[in-house]
Structure formats: structure tokens, C-alpha cells
$ cat work25.txt   # compact mmCIF, C-alpha atoms
# COMPACT_ATOMS: atom_id res chain seq x y z
CA MET S 24 0.00 0.00 0.00
CA LYS S 25 2.83 2.36 0.89
CA LYS S 26 4.56 1.57 -2.43
CA LYS S 27 1.38 2.43 -4.33
CA LEU S 28 1.01 5.72 -2.44
CA PHE S 29 4.67 6.52 -3.07
CA ALA S 30 4.29 5.76 -6.79
CA CYS S 31 1.13 7.89 -6.95
CA SER S 32 2.90 10.76 -5.21
CA ASN S 33 5.77 10.55 -7.66
CA MET S 34 3.36 10.65 -10.59
CA ILE S 35 1.62 13.72 -9.19
CA MET S 36 4.97 15.41 -8.63
CA LEU S 37 6.07 14.63 -12.18
CA LEU S 38 2.77 15.98 -13.51
CA ILE S 39 3.21 19.23 -11.56
CA ILE S 40 6.78 19.62 -12.82
CA SER S 41 5.68 18.92 -16.40
CA LEU S 42 2.88 21.47 -16.20
CA SER S 43 5.27 24.03 -14.73
CA ILE S 44 7.74 23.49 -17.55
CA LEU S 45 4.94 23.78 -20.13
CA MET S 46 3.65 27.01 -18.61
CA CYS S 47 7.16 28.47 -18.58
CA LYS S 48 7.60 27.57 -22.25
CA GLN S 49 4.25 29.16 -23.08
CA ARG S 50 5.29 32.35 -21.26
CA ASP S 51 8.59 32.33 -23.12
CA ASN S 52 6.67 32.08 -26.41
CA ILE S 53 4.59 35.17 -25.65
CA GLN S 54 6.34 38.00 -27.45
CA GLU S 55 6.24 41.48 -25.97
CA LEU S 56 5.05 44.21 -28.31
CA LYS S 57 6.04 47.70 -27.21
CA ILE S 58 4.02 50.58 -28.64
CA GLY S 59 4.89 54.21 -28.01
CA VAL S 60 2.24 56.89 -27.48
CA ILE S 61 2.84 60.64 -27.66
CA PHE S 62 -0.12 62.62 -26.30
CA PRO S 63 -0.52 65.97 -24.51
CA LEU S 64 -0.87 64.75 -20.92
CA THR S 65 -0.16 68.08 -19.20
CA GLY S 66 -0.77 71.68 -20.20
CA GLU S 67 -3.88 73.37 -21.56
CA ASN S 68 -4.64 70.58 -24.05
CA ALA S 69 -4.15 67.72 -21.60
CA SER S 70 -7.85 66.86 -21.86
CA TYR S 71 -7.23 65.47 -25.36
CA GLY S 72 -4.39 63.25 -24.21
CA GLU S 73 -6.15 62.03 -21.09
CA LYS S 74 -9.13 60.91 -23.16
CA GLY S 75 -6.96 59.10 -25.67
CA GLN S 76 -4.99 57.41 -22.90
CA LYS S 77 -8.16 56.07 -21.30
CA ALA S 78 -9.27 54.48 -24.56
CA ILE S 79 -5.88 52.92 -25.24
CA ASN S 80 -5.73 51.51 -21.72
CA ILE S 81 -9.04 49.73 -22.36
CA ALA S 82 -7.73 48.34 -25.64
CA VAL S 83 -4.50 47.12 -24.03
CA ALA S 84 -6.40 45.31 -21.27
CA ASP S 85 -8.64 43.65 -23.87
CA VAL S 86 -5.86 42.32 -26.09
CA ASN S 87 -3.64 41.24 -23.21
CA LYS S 88 -6.48 39.07 -21.90
CA GLU S 89 -6.62 37.25 -25.20
CA SER S 90 -2.86 37.20 -25.96
CA VAL S 91 -3.71 36.97 -29.65
CA ALA S 92 -0.80 35.61 -31.69
CA HIS S 93 1.16 35.27 -28.44
CA LYS S 94 1.90 38.99 -28.26
CA LYS S 95 1.65 40.80 -24.95
CA VAL S 96 1.45 44.57 -25.30
CA THR S 97 3.23 47.21 -23.27
CA VAL S 98 2.38 50.84 -23.98
CA ILE S 99 4.91 53.56 -23.18
CA TYR S 100 3.38 57.01 -22.82
CA GLU S 101 5.27 60.25 -23.37
CA ASP S 102 3.92 63.75 -22.75
CA SER S 103 4.10 66.21 -25.65
CA ARG S 104 2.28 69.06 -23.87
CA ALA S 105 0.97 69.75 -27.41
CA GLU S 106 4.38 71.36 -28.07
CA PRO S 107 6.46 70.41 -31.14
CA THR S 108 9.80 70.45 -29.31
CA SER S 109 8.49 68.20 -26.54
CA GLY S 110 7.02 65.85 -29.14
CA ALA S 111 10.32 65.59 -31.00
CA THR S 112 12.15 64.78 -27.77
CA ALA S 113 9.51 62.21 -26.85
CA ILE S 114 9.69 60.25 -30.09
CA GLN S 115 13.49 60.29 -30.04
CA LYS S 116 13.37 58.67 -26.59
CA LEU S 117 10.78 56.09 -27.64
CA ILE S 118 12.87 55.05 -30.64
CA SER S 119 16.41 55.14 -29.26
CA ILE S 120 15.79 53.94 -25.70
CA ASP S 121 12.53 51.97 -25.79
CA ASN S 122 13.07 50.56 -29.30
CA VAL S 123 9.41 50.75 -30.30
CA PRO S 124 8.48 49.78 -33.89
CA ALA S 125 5.45 52.08 -33.94
CA VAL S 126 4.22 55.24 -32.22
CA ILE S 127 0.65 56.52 -31.83
CA GLY S 128 0.50 60.30 -31.90
CA ASP S 129 0.06 63.06 -31.67
CA ILE S 130 -3.43 64.39 -31.12
CA VAL S 131 -2.36 67.79 -32.51
CA SER S 132 -0.89 68.31 -35.97
CA ALA S 133 2.02 70.54 -34.98
CA VAL S 134 3.51 67.81 -32.79
CA THR S 135 2.89 65.09 -35.39
CA LEU S 136 4.76 67.15 -37.98
CA ALA S 137 7.67 67.69 -35.58
CA ALA S 138 7.89 63.97 -34.80
CA ALA S 139 7.48 62.81 -38.41
CA PRO S 140 11.05 63.37 -39.68
CA ILE S 141 12.46 61.40 -36.74
CA ALA S 142 10.07 58.51 -37.31
CA GLU S 143 10.80 58.56 -41.03
CA LYS S 144 14.57 58.56 -40.55
CA ASN S 145 14.39 55.57 -38.19
CA LYS S 146 11.78 53.64 -40.23
CA VAL S 147 9.33 53.65 -37.33
CA VAL S 148 5.60 53.91 -38.09
CA LEU S 149 3.96 57.06 -36.75
CA LEU S 150 0.15 56.79 -36.68
CA SER S 151 -1.87 59.82 -35.64
CA PRO S 152 -5.44 59.33 -34.40
CA THR S 153 -6.57 62.90 -35.09
CA SER S 154 -3.95 65.14 -36.74
CA SER S 155 -5.43 66.89 -39.75
CA ALA S 156 -2.90 69.39 -41.15
CA PRO S 157 -2.56 68.97 -44.94
CA ALA S 158 1.27 68.92 -44.64
CA ILE S 159 1.05 65.49 -42.99
CA THR S 160 0.13 64.06 -46.40
CA GLU S 161 3.72 64.68 -47.51
CA ALA S 162 5.38 64.01 -44.15
CA GLY S 163 6.90 60.65 -45.10
CA GLN S 164 6.40 57.03 -46.10
CA PHE S 165 6.13 55.85 -42.49
CA ILE S 166 3.62 58.53 -41.46
CA TYR S 167 -0.10 57.63 -41.33
CA ARG S 168 -3.28 59.05 -39.85
CA ILE S 169 -6.84 57.86 -39.43
CA TRP S 170 -8.35 61.34 -39.47
CA PRO S 171 -9.01 63.10 -42.78
CA SER S 172 -6.95 66.08 -43.90
CA ASP S 173 -8.18 69.59 -43.12
CA LEU S 174 -8.76 69.87 -46.84
CA ALA S 175 -12.04 68.08 -46.14
CA GLU S 176 -13.06 69.88 -42.94
CA GLY S 177 -11.99 73.38 -43.98
CA LYS S 178 -13.67 73.07 -47.35
CA ALA S 179 -16.87 71.64 -45.84
CA ILE S 180 -17.36 74.38 -43.25
CA ALA S 181 -16.61 77.13 -45.82
CA GLU S 182 -19.12 75.65 -48.25
CA PHE S 183 -21.63 75.43 -45.39
CA ALA S 184 -21.15 79.15 -44.72
CA ARG S 185 -21.65 80.02 -48.39
CA LYS S 186 -24.82 77.91 -48.63
CA LYS S 187 -26.18 79.79 -45.63
CA GLY S 188 -25.83 82.97 -47.68
CA TYR S 189 -22.98 84.59 -45.78
CA ALA S 190 -21.01 86.96 -48.02
CA ARG S 191 -18.60 88.56 -45.51
CA ALA S 192 -16.55 86.47 -43.10
CA ALA S 193 -13.74 86.92 -40.59
CA ILE S 194 -11.10 84.30 -39.77
CA LEU S 195 -9.30 84.05 -36.45
CA HIS S 196 -6.75 81.25 -36.31
CA LEU S 197 -4.02 79.72 -34.21
CA ASN S 198 -0.55 80.54 -35.49
CA ASN S 199 0.56 76.91 -35.81
CA ASP S 200 0.54 74.27 -38.55
CA TYR S 201 -3.05 73.31 -37.80
CA GLY S 202 -4.59 76.77 -37.56
CA ILE S 203 -2.74 78.32 -40.48
CA ALA S 204 -3.52 75.45 -42.85
CA ILE S 205 -7.22 75.10 -42.12
CA ALA S 206 -7.73 78.88 -42.18
CA LYS S 207 -6.12 79.01 -45.63
CA ILE S 208 -8.45 76.30 -46.94
CA PHE S 209 -11.50 78.06 -45.49
CA LYS S 210 -10.50 81.38 -47.09
CA GLU S 211 -9.83 79.87 -50.52
CA THR S 212 -13.11 77.96 -50.54
CA PHE S 213 -15.21 80.79 -49.11
CA GLU S 214 -13.92 83.36 -51.59
CA ALA S 215 -14.13 81.04 -54.62
CA GLU S 216 -17.55 82.37 -55.68
CA GLY S 217 -17.35 86.04 -54.82
CA ALA S 218 -17.72 86.02 -51.03
CA GLN S 219 -15.11 87.97 -49.06
CA VAL S 220 -12.96 87.45 -45.98
CA VAL S 221 -12.82 90.95 -44.46
CA LEU S 222 -10.54 90.11 -41.54
CA HIS S 223 -7.84 87.42 -41.27
CA GLU S 224 -5.99 87.41 -37.92
CA GLY S 225 -3.65 84.91 -36.30
CA TYR S 226 -2.97 84.55 -32.58
CA LEU S 227 -0.76 82.53 -30.23
CA GLU S 228 -2.19 79.65 -28.22
CA THR S 229 -0.99 81.42 -25.07
CA THR S 230 -3.10 84.51 -25.82
CA LYS S 231 -5.56 85.24 -23.03
CA ASP S 232 -6.79 88.73 -23.91
CA PHE S 233 -8.47 89.08 -27.32
CA ARG S 234 -9.76 92.63 -26.94
CA ALA S 235 -7.49 94.03 -29.66
CA VAL S 236 -8.64 91.55 -32.31
CA LEU S 237 -12.26 91.79 -31.16
CA THR S 238 -12.11 95.57 -31.65
CA LYS S 239 -11.15 94.91 -35.29
CA LEU S 240 -13.97 92.39 -35.53
CA VAL S 241 -16.55 94.91 -34.33
CA LYS S 242 -15.24 97.49 -36.82
CA GLU S 243 -15.48 95.11 -39.80
CA ASN S 244 -18.74 93.56 -38.57
CA PRO S 245 -18.67 90.35 -40.68
CA GLU S 246 -21.76 88.19 -40.95
CA VAL S 247 -19.92 85.08 -39.79
CA VAL S 248 -16.70 84.41 -37.85
CA TYR S 249 -14.61 81.26 -38.31
CA VAL S 250 -12.29 80.41 -35.42
CA ALA S 251 -9.65 77.85 -36.37
CA GLY S 252 -8.26 76.76 -33.02
CA TYR S 253 -8.45 74.35 -30.10
CA PHE S 254 -11.12 74.32 -27.40
CA GLY S 255 -9.32 76.59 -24.90
CA ASP S 256 -8.45 79.51 -27.15
CA THR S 257 -11.75 79.29 -29.06
CA ALA S 258 -13.67 79.37 -25.76
CA ARG S 259 -11.84 82.51 -24.62
CA ILE S 260 -12.57 84.25 -27.92
CA LEU S 261 -16.28 83.42 -27.71
CA LYS S 262 -16.60 84.41 -24.08
CA GLN S 263 -14.91 87.76 -24.59
CA ALA S 264 -16.88 88.42 -27.79
CA ARG S 265 -20.21 87.85 -26.04
CA GLU S 266 -19.08 89.98 -23.08
CA ILE S 267 -18.74 93.00 -25.37
CA GLY S 268 -22.08 92.23 -26.99
CA TYR S 269 -20.81 90.87 -30.30
CA LYS S 270 -23.46 88.48 -31.66
CA SER S 271 -22.50 87.36 -35.19
CA GLN S 272 -22.62 83.64 -36.05
CA PHE S 273 -19.48 81.75 -35.01
CA LEU S 274 -18.11 78.69 -36.79
CA ALA S 275 -15.39 76.52 -35.27
CA THR S 276 -13.41 73.32 -35.72
CA THR S 277 -13.83 69.72 -34.59
CA ALA S 278 -11.35 70.45 -31.80
CA ILE S 279 -13.95 72.33 -29.73
CA GLU S 280 -15.93 69.17 -28.95
CA ASP S 281 -14.67 68.87 -25.41
CA ASN S 282 -16.70 69.51 -22.25
CA LYS S 283 -14.05 71.96 -21.06
CA PHE S 284 -15.00 74.19 -23.99
CA ILE S 285 -18.48 74.66 -22.53
CA GLU S 286 -17.09 74.90 -18.99
CA ILE S 287 -14.84 77.80 -20.00
CA ALA S 288 -17.23 79.79 -22.20
CA GLY S 289 -20.63 78.77 -20.78
CA ASP S 290 -23.64 80.28 -22.56
CA ALA S 291 -21.35 81.97 -25.08
CA THR S 292 -20.99 78.61 -26.81
CA GLU S 293 -24.69 78.37 -27.69
CA GLY S 294 -25.28 78.19 -31.43
CA VAL S 295 -21.67 77.64 -32.48
CA ILE S 296 -21.52 75.38 -35.55
CA TYR S 297 -18.64 73.03 -36.33
CA PRO S 298 -17.83 70.02 -38.56
CA LEU S 299 -16.98 66.50 -37.40
CA ALA S 300 -15.21 63.94 -39.60
CA THR S 301 -14.56 61.06 -37.24
CA GLY S 302 -17.12 58.50 -38.41
CA PHE S 303 -17.74 57.60 -34.74
CA ASP S 304 -21.31 57.48 -33.46
CA ALA S 305 -21.67 56.51 -29.81
CA LYS S 306 -25.36 55.70 -30.42
CA SER S 307 -24.61 53.24 -33.23
CA ASP S 308 -26.19 49.80 -33.06
CA ASN S 309 -22.98 48.26 -34.41
CA PRO S 310 -22.09 45.52 -31.86
CA GLU S 311 -18.40 46.49 -31.68
CA VAL S 312 -19.21 50.17 -31.15
CA ALA S 313 -21.82 49.29 -28.51
CA ARG S 314 -19.31 47.05 -26.69
CA PHE S 315 -16.65 49.78 -26.72
CA VAL S 316 -19.07 52.44 -25.46
CA GLU S 317 -20.44 50.16 -22.73
CA GLU S 318 -16.98 49.14 -21.54
CA PHE S 319 -15.74 52.72 -21.56
CA GLN S 320 -18.75 54.01 -19.64
CA LYS S 321 -18.43 51.22 -17.09
CA GLN S 322 -14.79 52.05 -16.43
CA TYR S 323 -14.80 55.84 -16.67
CA GLY S 324 -18.39 56.91 -16.08
CA TYR S 325 -19.04 58.88 -19.25
CA GLU S 326 -19.76 58.30 -22.93
CA PRO S 327 -16.62 58.32 -25.11
CA GLY S 328 -16.25 60.88 -27.88
CA TRP S 329 -14.19 61.27 -31.03
CA VAL S 330 -10.77 61.49 -29.32
CA GLU S 331 -11.37 58.27 -27.40
CA ALA S 332 -12.72 56.40 -30.41
CA GLN S 333 -9.96 57.54 -32.75
CA SER S 334 -7.27 56.62 -30.22
CA TYR S 335 -8.82 53.21 -29.64
CA ASP S 336 -8.82 52.47 -33.37
CA ALA S 337 -5.24 53.68 -33.79
CA PHE S 338 -4.06 51.20 -31.16
CA MET S 339 -6.17 48.31 -32.49
CA LEU S 340 -4.89 48.90 -36.01
CA ILE S 341 -1.24 48.70 -34.93
CA TYR S 342 -2.02 45.63 -32.83
CA LYS S 343 -3.76 43.96 -35.75
CA ALA S 344 -0.72 44.60 -37.93
CA ALA S 345 1.64 43.20 -35.29
CA SER S 346 -0.51 40.12 -34.80
CA THR S 347 0.15 39.07 -38.39
CA ILE S 348 3.93 39.22 -37.96
CA ASP S 349 6.02 36.22 -36.92
CA GLY S 350 9.26 36.86 -35.07
CA LYS S 351 10.71 40.28 -34.36
CA ILE S 352 8.38 43.15 -35.18
CA ASP S 353 9.72 46.28 -36.84
CA GLY S 354 8.32 49.40 -38.44
CA LEU S 355 8.84 48.17 -41.98
CA GLN S 356 6.64 45.11 -41.38
CA ILE S 357 3.89 47.24 -39.86
CA LYS S 358 4.14 49.64 -42.80
CA ARG S 359 3.77 46.75 -45.24
CA PHE S 360 0.59 45.67 -43.48
CA PHE S 361 -0.85 49.21 -43.62
CA ASP S 362 0.00 49.56 -47.30
CA SER S 363 -1.49 46.21 -48.30
CA MET S 364 -4.62 46.04 -46.12
CA SER S 365 -7.85 46.30 -48.07
CA GLU S 366 -9.93 47.83 -45.29
CA PHE S 367 -9.99 48.16 -41.51
CA GLU S 368 -13.23 48.28 -39.57
CA GLY S 369 -13.04 49.89 -36.16
CA VAL S 370 -15.35 51.80 -33.86
CA THR S 371 -14.94 54.86 -36.10
CA GLY S 372 -16.14 52.94 -39.15
CA LYS S 373 -14.42 51.41 -42.16
CA PHE S 374 -11.37 52.99 -43.73
CA LYS S 375 -8.21 52.25 -45.66
CA PHE S 376 -5.06 54.20 -46.40
CA ASP S 377 -4.33 55.82 -49.73
CA GLU S 378 -0.83 56.08 -51.19
CA ASN S 379 -0.04 58.98 -48.82
CA GLY S 380 -1.19 57.27 -45.61
CA ASP S 381 -4.39 59.35 -45.52
CA VAL S 382 -8.02 58.27 -45.10
CA SER S 383 -11.34 59.70 -46.29
CA LYS S 384 -14.38 60.09 -44.04
CA SER S 385 -17.64 61.97 -44.43
CA VAL S 386 -18.16 65.30 -42.65
CA VAL S 387 -21.24 66.04 -40.54
CA PHE S 388 -22.18 69.32 -38.87
CA LYS S 389 -22.93 69.82 -35.20
CA THR S 390 -23.87 72.67 -32.90
CA ILE S 391 -24.15 73.46 -29.21
CA LYS S 392 -27.69 73.68 -27.93
CA ASP S 393 -28.79 73.85 -24.29
CA GLY S 394 -25.20 73.32 -23.21
CA LYS S 395 -24.77 70.09 -25.18
CA PHE S 396 -23.02 69.01 -28.39
CA GLN S 397 -25.78 67.99 -30.77
CA ALA S 398 -26.31 67.10 -34.41
CA LEU S 399 -27.33 70.12 -36.44
$ encode --input "work25.txt" --output "C-alpha cells"
Amino acid sequence: MKKKLFACSNMIMLLIISLSILMCKQRDNIQELKIGVIFPLTGENASYGEKGQKAINIAVADVNKESVAHKKVTVIYEDSRAEPTSGATAIQKLISIDNVPAVIGDIVSAVTLAAAPIAEKNKVVLLSPTSSAPAITEAGQFIYRIWPSDLAEGKAIAEFARKKGYARAAILHLNNDYGIAIAKIFKETFEAEGAQVVLHEGYLETTKDFRAVLTKLVKENPEVVYVAGYFGDTARILKQAREIGYKSQFLATTAIEDNKFIEIAGDATEGVIYPLATGFDAKSDNPEVARFVEEFQKQYGYEPGWVEAQSYDAFMLIYKAASTIDGKIDGLQIKRFFDSMSEFEGVTGKFKFDENGDVSKSVVFKTIKDGKFQAL
């Protein structure tokens, strides 16, 4: 009896050892995929980066549970502060120290353009969730984005203004790659059929007092004012304009769709019209969209918007590319996947890259009514 128990114990011990060895081998076979992310996590535009980070964290948790293709993901975040110099430093660190094959970023075009030459030189894929400056089209072979160029948004909002019968417009824009480019497109489109831009003024993102430019605005008295900026600066312009009693129609950019915009400017935001080209609809009955929205709300307590959805898709696209690669993953292999894929379907809809790494998406118009972002 003792011999049988001893033999049984030995068999159990051997089974435990065998299972331990097997589990170790399985762990050894799981390849780590490091993905860099450059977002504004501090500074005035930190809200954009924080939203994107939340969405990516959900995506990372999802894929690491499944360990698809034996690839465990580690995301390395770097703070750009929405500043080009900080973004360039961040991507240099991610490439030279962390050895990432791909980087998600930035939210803002100026940083993406600053990071692009470094990514291109090192053959690392740079995928922006939301950058829209037209110059990104020519930024390099390794540079991609899943947000359409400002050529689409700027043209659409200018055509909208013309169709509404406005003949005299003013443009106030950020003096960076994003603001300058989209303002130029608006002006060219608006004036194409005889309408006139009577005031065209740039400003710095750090500007807090807009009384000087608003004095010019009152003097010219345009029928419509297009503000090409981010949510913070646009909110200050609106608030100060309403404080002096200026009541012309204001048009803005996609970038204003952030709750902080309404928090800053309050009732002054009512009636502002802006375009949106994300393709994301949180109310969609698409099962994947519904799952993403439900999971996001459960974890963070609010409904995700365009920044969250775009960031989620950017991560999932890179992960999908990596999951098709055997062995060591590098930027060239990810690029090949992007260039050859027929179509990707994410929570922001279906899209594919053209020869310049750009995508096309339809533009819809929205407004602010009763303190909420709503379809026009």
C-alpha cells in the first residue's frame, strides 16, 4: 500500500513539474510588443491626451487578456504638452531607448509634424489618431493618420457658410501648422464664388486677452466668424466676444468638442456650428461600437467621444498589424501591413489608407444647444 502511495505521489509530482515546464515555455513564447504613445498629458490641451490614454488603456487590457498571436502589449506614454519640441524629444526617446516599432500620436498636428522626420529617418511607423494638417500628407512614407486632412473639414465648413448665404466672413486662427492650414483652406473655398474674408488674424495659443482683435472684428462687422483653433483659445474668444455684446454667427473646428469648452465659455458657446469627420457614433447599433461604449462608460463613467474612439482604433490597427507578424516586429513590417490592407473596420467605421497614408471620411455638422453638443 505504501509503495502504491509513493508511486502515486511521484506521478503527481512529475505531472506538476511537467505542467510548470509547459507554462514556462508558453510564457517564453509570448512575445512582448512595445508601442509608443505621444499625447498631450499636461498643459492646456491635456484633456485630449487624457481621453486618448483612457481608450488605449481599455484596448491594451482587452488584447492582453486574449494574448492573440502570443503577443503581450506594453504601452509607453510620453507627454508632448501639445508642443512640437516636446514631441520631437519624446519620439526620439521612444525610438532610441525603448526601441518601439510604432508610435501613436500626436493628437495635434504641430507635434505630429515635428515627430514625423524622426520617425521617417528611423523607419518607425507614426500613426496619428486625429492630426489633420494637410502637410502630414507629404510628411513621409512611415507617417499615417486615421483622421481626414483639413482639406475636407476646412472646405466643408466654408461651403456650409456660403450655402447659408454669408457673403462677408472673418477668420481668427491659431498661429501653428493646424490653424494656419485650415484657415487658408476656409478662405480659398469661401472666396471662390465672390464672397469675401474681411478680416484674417492669427494669434498665439498662449493669448488670453483678445480685446485688440475683437475691436477689429466689431469694426469690420462680418456676418460670420470662423475660429480655427483648439477648445481653450476658441472658448476665450467666444466668451470675450459675447461679453462685449458681439453676436455674429461663429463657426469653429472639430477640436472644440470637449466639455471643457463649454465649462470655459458657458452660454457663449450656444449656437456655435462646427464640422466633425470622425465616423464615430456613440449611439450606433454596431455591436463592436456598442461594446466599446459600454466598456468605456463602465470604467470611466461617461460616454466616449471622437478622441477616445480615434485613439482606440489607432491602437487596435497597430495591434492587428503586429498580430500578423512572426518573429521580431519592426516598423517596416507594420508599414507593409498598412500599405497592403484592403480595409480596416473599427469603432470609427471602415477605412483604408491611400498612397499617402491618408483616409477619407464623411463630414457632418454639429452645434451646441442647451449646453450640449448635438447634431445640427
$ closest_residue --input "work25.txt" --among "S:Ile127, S:Val250, S:Ala215, S:Val96" --to "S:Gln54" --atoms "only C-alpha atoms"
S:Val96
$ closest_residue --input "work25.txt" --among "S:Asn122, S:Thr257, S:Thr371, S:Gln115" --to "S:Gln333" --atoms "all atoms listed in the file"
S:Thr371
$ residues_around --input "work25.txt" --residues "S:Val98" --least-positions-apart "5" --cutoff "6 Å" --atoms "all atoms listed in the file" --output "ChimeraX atom specification"
/S:57-59
$ residues_around --input "work25.txt" --residues "S:Ala398" --least-positions-apart "2" --cutoff "7 Å" --atoms "all atoms listed in the file" --output "ChimeraX atom specification"
/S:388-390
$ closest_residue --input "work25.txt" --among "S:Val123, S:Ala113, S:Ile341, S:Ile391" --to "S:Ala138" --atoms "only C-alpha atoms"
S:Ala113
$ residues_around --input "work25.txt" --residues "stretch 160-171 of chain S" --least-positions-apart "4" --cutoff "10 Å" --atoms "all atoms listed in the file" --output "ChimeraX atom specification"
/S:125-129,135-140,142-156,175-176,300-302,333-334,336-337,340,354-355,357-359,361-362,371,374-386
$ residues_around --input "work25.txt" --residues "S:Ile205" --least-positions-apart "4" --cutoff "9 Å" --atoms "all atoms listed in the file" --output "number ranges by chain"
S: 155-157, 173-174, 176-178, 196, 200-201, 209-210, 251
$ residues_around --input "work25.txt" --residues "stretch 217-234 of chain S" --least-positions-apart "2" --cutoff "6 Å" --atoms "all atoms listed in the file" --output "VMD selection string"
chain S and resid 190 to 198 214 to 215 236 to 237
$ residues_near_point --input "work25.txt" --point "(-23.8, 85.6, -40.1)" --cutoff "12 Å" --atoms "all atoms listed in the file" --output "NGL selection string"
:S and (183-193 or 244-249 or 269-274 or 294-296)
$ atom_distance --input "work25.txt" --atom1 "atom CA of S:Gln320" --atom2 "atom CA of S:Asn87"
20.1 Å
$ atom_distance --input "work25.txt" --atom1 "atom CA of S:Ala206" --atom2 "atom CA of S:Phe284"
20.1 Å
$ closest_residue --input "work25.txt" --among "S:Phe303, S:Phe254, S:Phe338, S:Phe213" --to "S:Asn68" --atoms "only C-alpha atoms"
S:Phe254
$ atom_distance --input "work25.txt" --atom1 "atom CA of S:Glu331" --atom2 "atom CA of S:Glu293"
24.1 Å
$ closest_residue --input "work25.txt" --among "S:Pro124, S:Gly66, S:Gly202, S:Pro310" --to "S:Ala278" --atoms "all atoms listed in the file"
S:Gly202
$ closest_residue --input "work25.txt" --among "S:Val330, S:Ile141, S:Val131, S:Leu299" --to "S:Ala179" --atoms "all atoms listed in the file"
S:Leu299
$ axis_aligned_box --input "work25.txt" --around "stretch 154-171 of chain S" --padding-each-side "3 Å" --output "lines of an AutoDock Vina configuration file"
center_x = -1.1
center_y = 62.6
center_z = -42.1
size_x = 21.9
size_y = 19.5
size_z = 16.8
$ decode --input "work25.txt" --residues "stretch 168-215 of chain S" --atoms "C-alpha atoms" --output "PDB file, in the first residue's frame"
ATOM      1  CA  ARG S 168      -3.278  59.054 -39.848  1.00  0.00           C
ATOM      2  CA  ILE S 169      -6.845  57.855 -39.429  1.00  0.00           C
ATOM      3  CA  TRP S 170      -8.351  61.339 -39.466  1.00  0.00           C
ATOM      4  CA  PRO S 171      -9.008  63.100 -42.781  1.00  0.00           C
ATOM      5  CA  SER S 172      -6.949  66.081 -43.898  1.00  0.00           C
ATOM      6  CA  ASP S 173      -8.178  69.585 -43.121  1.00  0.00           C
ATOM      7  CA  LEU S 174      -8.757  69.870 -46.837  1.00  0.00           C
ATOM      8  CA  ALA S 175     -12.040  68.079 -46.138  1.00  0.00           C
ATOM      9  CA  GLU S 176     -13.059  69.882 -42.944  1.00  0.00           C
ATOM     10  CA  GLY S 177     -11.992  73.375 -43.977  1.00  0.00           C
ATOM     11  CA  LYS S 178     -13.672  73.071 -47.346  1.00  0.00           C
ATOM     12  CA  ALA S 179     -16.870  71.640 -45.842  1.00  0.00           C
ATOM     13  CA  ILE S 180     -17.360  74.385 -43.253  1.00  0.00           C
ATOM     14  CA  ALA S 181     -16.614  77.130 -45.821  1.00  0.00           C
ATOM     15  CA  GLU S 182     -19.124  75.649 -48.247  1.00  0.00           C
ATOM     16  CA  PHE S 183     -21.627  75.432 -45.386  1.00  0.00           C
ATOM     17  CA  ALA S 184     -21.147  79.152 -44.724  1.00  0.00           C
ATOM     18  CA  ARG S 185     -21.651  80.025 -48.392  1.00  0.00           C
ATOM     19  CA  LYS S 186     -24.816  77.908 -48.632  1.00  0.00           C
ATOM     20  CA  LYS S 187     -26.179  79.790 -45.629  1.00  0.00           C
ATOM     21  CA  GLY S 188     -25.825  82.968 -47.677  1.00  0.00           C
ATOM     22  CA  TYR S 189     -22.980  84.587 -45.778  1.00  0.00           C
ATOM     23  CA  ALA S 190     -21.015  86.965 -48.016  1.00  0.00           C
ATOM     24  CA  ARG S 191     -18.602  88.556 -45.512  1.00  0.00           C
ATOM     25  CA  ALA S 192     -16.545  86.467 -43.099  1.00  0.00           C
ATOM     26  CA  ALA S 193     -13.739  86.920 -40.585  1.00  0.00           C
ATOM     27  CA  ILE S 194     -11.099  84.304 -39.770  1.00  0.00           C
ATOM     28  CA  LEU S 195      -9.296  84.054 -36.450  1.00  0.00           C
ATOM     29  CA  HIS S 196      -6.747  81.251 -36.310  1.00  0.00           C
ATOM     30  CA  LEU S 197      -4.015  79.721 -34.208  1.00  0.00           C
ATOM     31  CA  ASN S 198      -0.546  80.540 -35.491  1.00  0.00           C
ATOM     32  CA  ASN S 199       0.563  76.912 -35.809  1.00  0.00           C
ATOM     33  CA  ASP S 200       0.537  74.265 -38.550  1.00  0.00           C
ATOM     34  CA  TYR S 201      -3.049  73.310 -37.800  1.00  0.00           C
ATOM     35  CA  GLY S 202      -4.595  76.767 -37.561  1.00  0.00           C
ATOM     36  CA  ILE S 203      -2.737  78.319 -40.480  1.00  0.00           C
ATOM     37  CA  ALA S 204      -3.524  75.449 -42.852  1.00  0.00           C
ATOM     38  CA  ILE S 205      -7.217  75.099 -42.117  1.00  0.00           C
ATOM     39  CA  ALA S 206      -7.732  78.882 -42.181  1.00  0.00           C
ATOM     40  CA  LYS S 207      -6.121  79.014 -45.630  1.00  0.00           C
ATOM     41  CA  ILE S 208      -8.453  76.303 -46.936  1.00  0.00           C
ATOM     42  CA  PHE S 209     -11.502  78.063 -45.494  1.00  0.00           C
ATOM     43  CA  LYS S 210     -10.504  81.376 -47.091  1.00  0.00           C
ATOM     44  CA  GLU S 211      -9.826  79.867 -50.519  1.00  0.00           C
ATOM     45  CA  THR S 212     -13.113  77.963 -50.542  1.00  0.00           C
ATOM     46  CA  PHE S 213     -15.215  80.791 -49.105  1.00  0.00           C
ATOM     47  CA  GLU S 214     -13.923  83.358 -51.593  1.00  0.00           C
ATOM     48  CA  ALA S 215     -14.134  81.040 -54.616  1.00  0.00           C
TER      49      ALA S 215
END
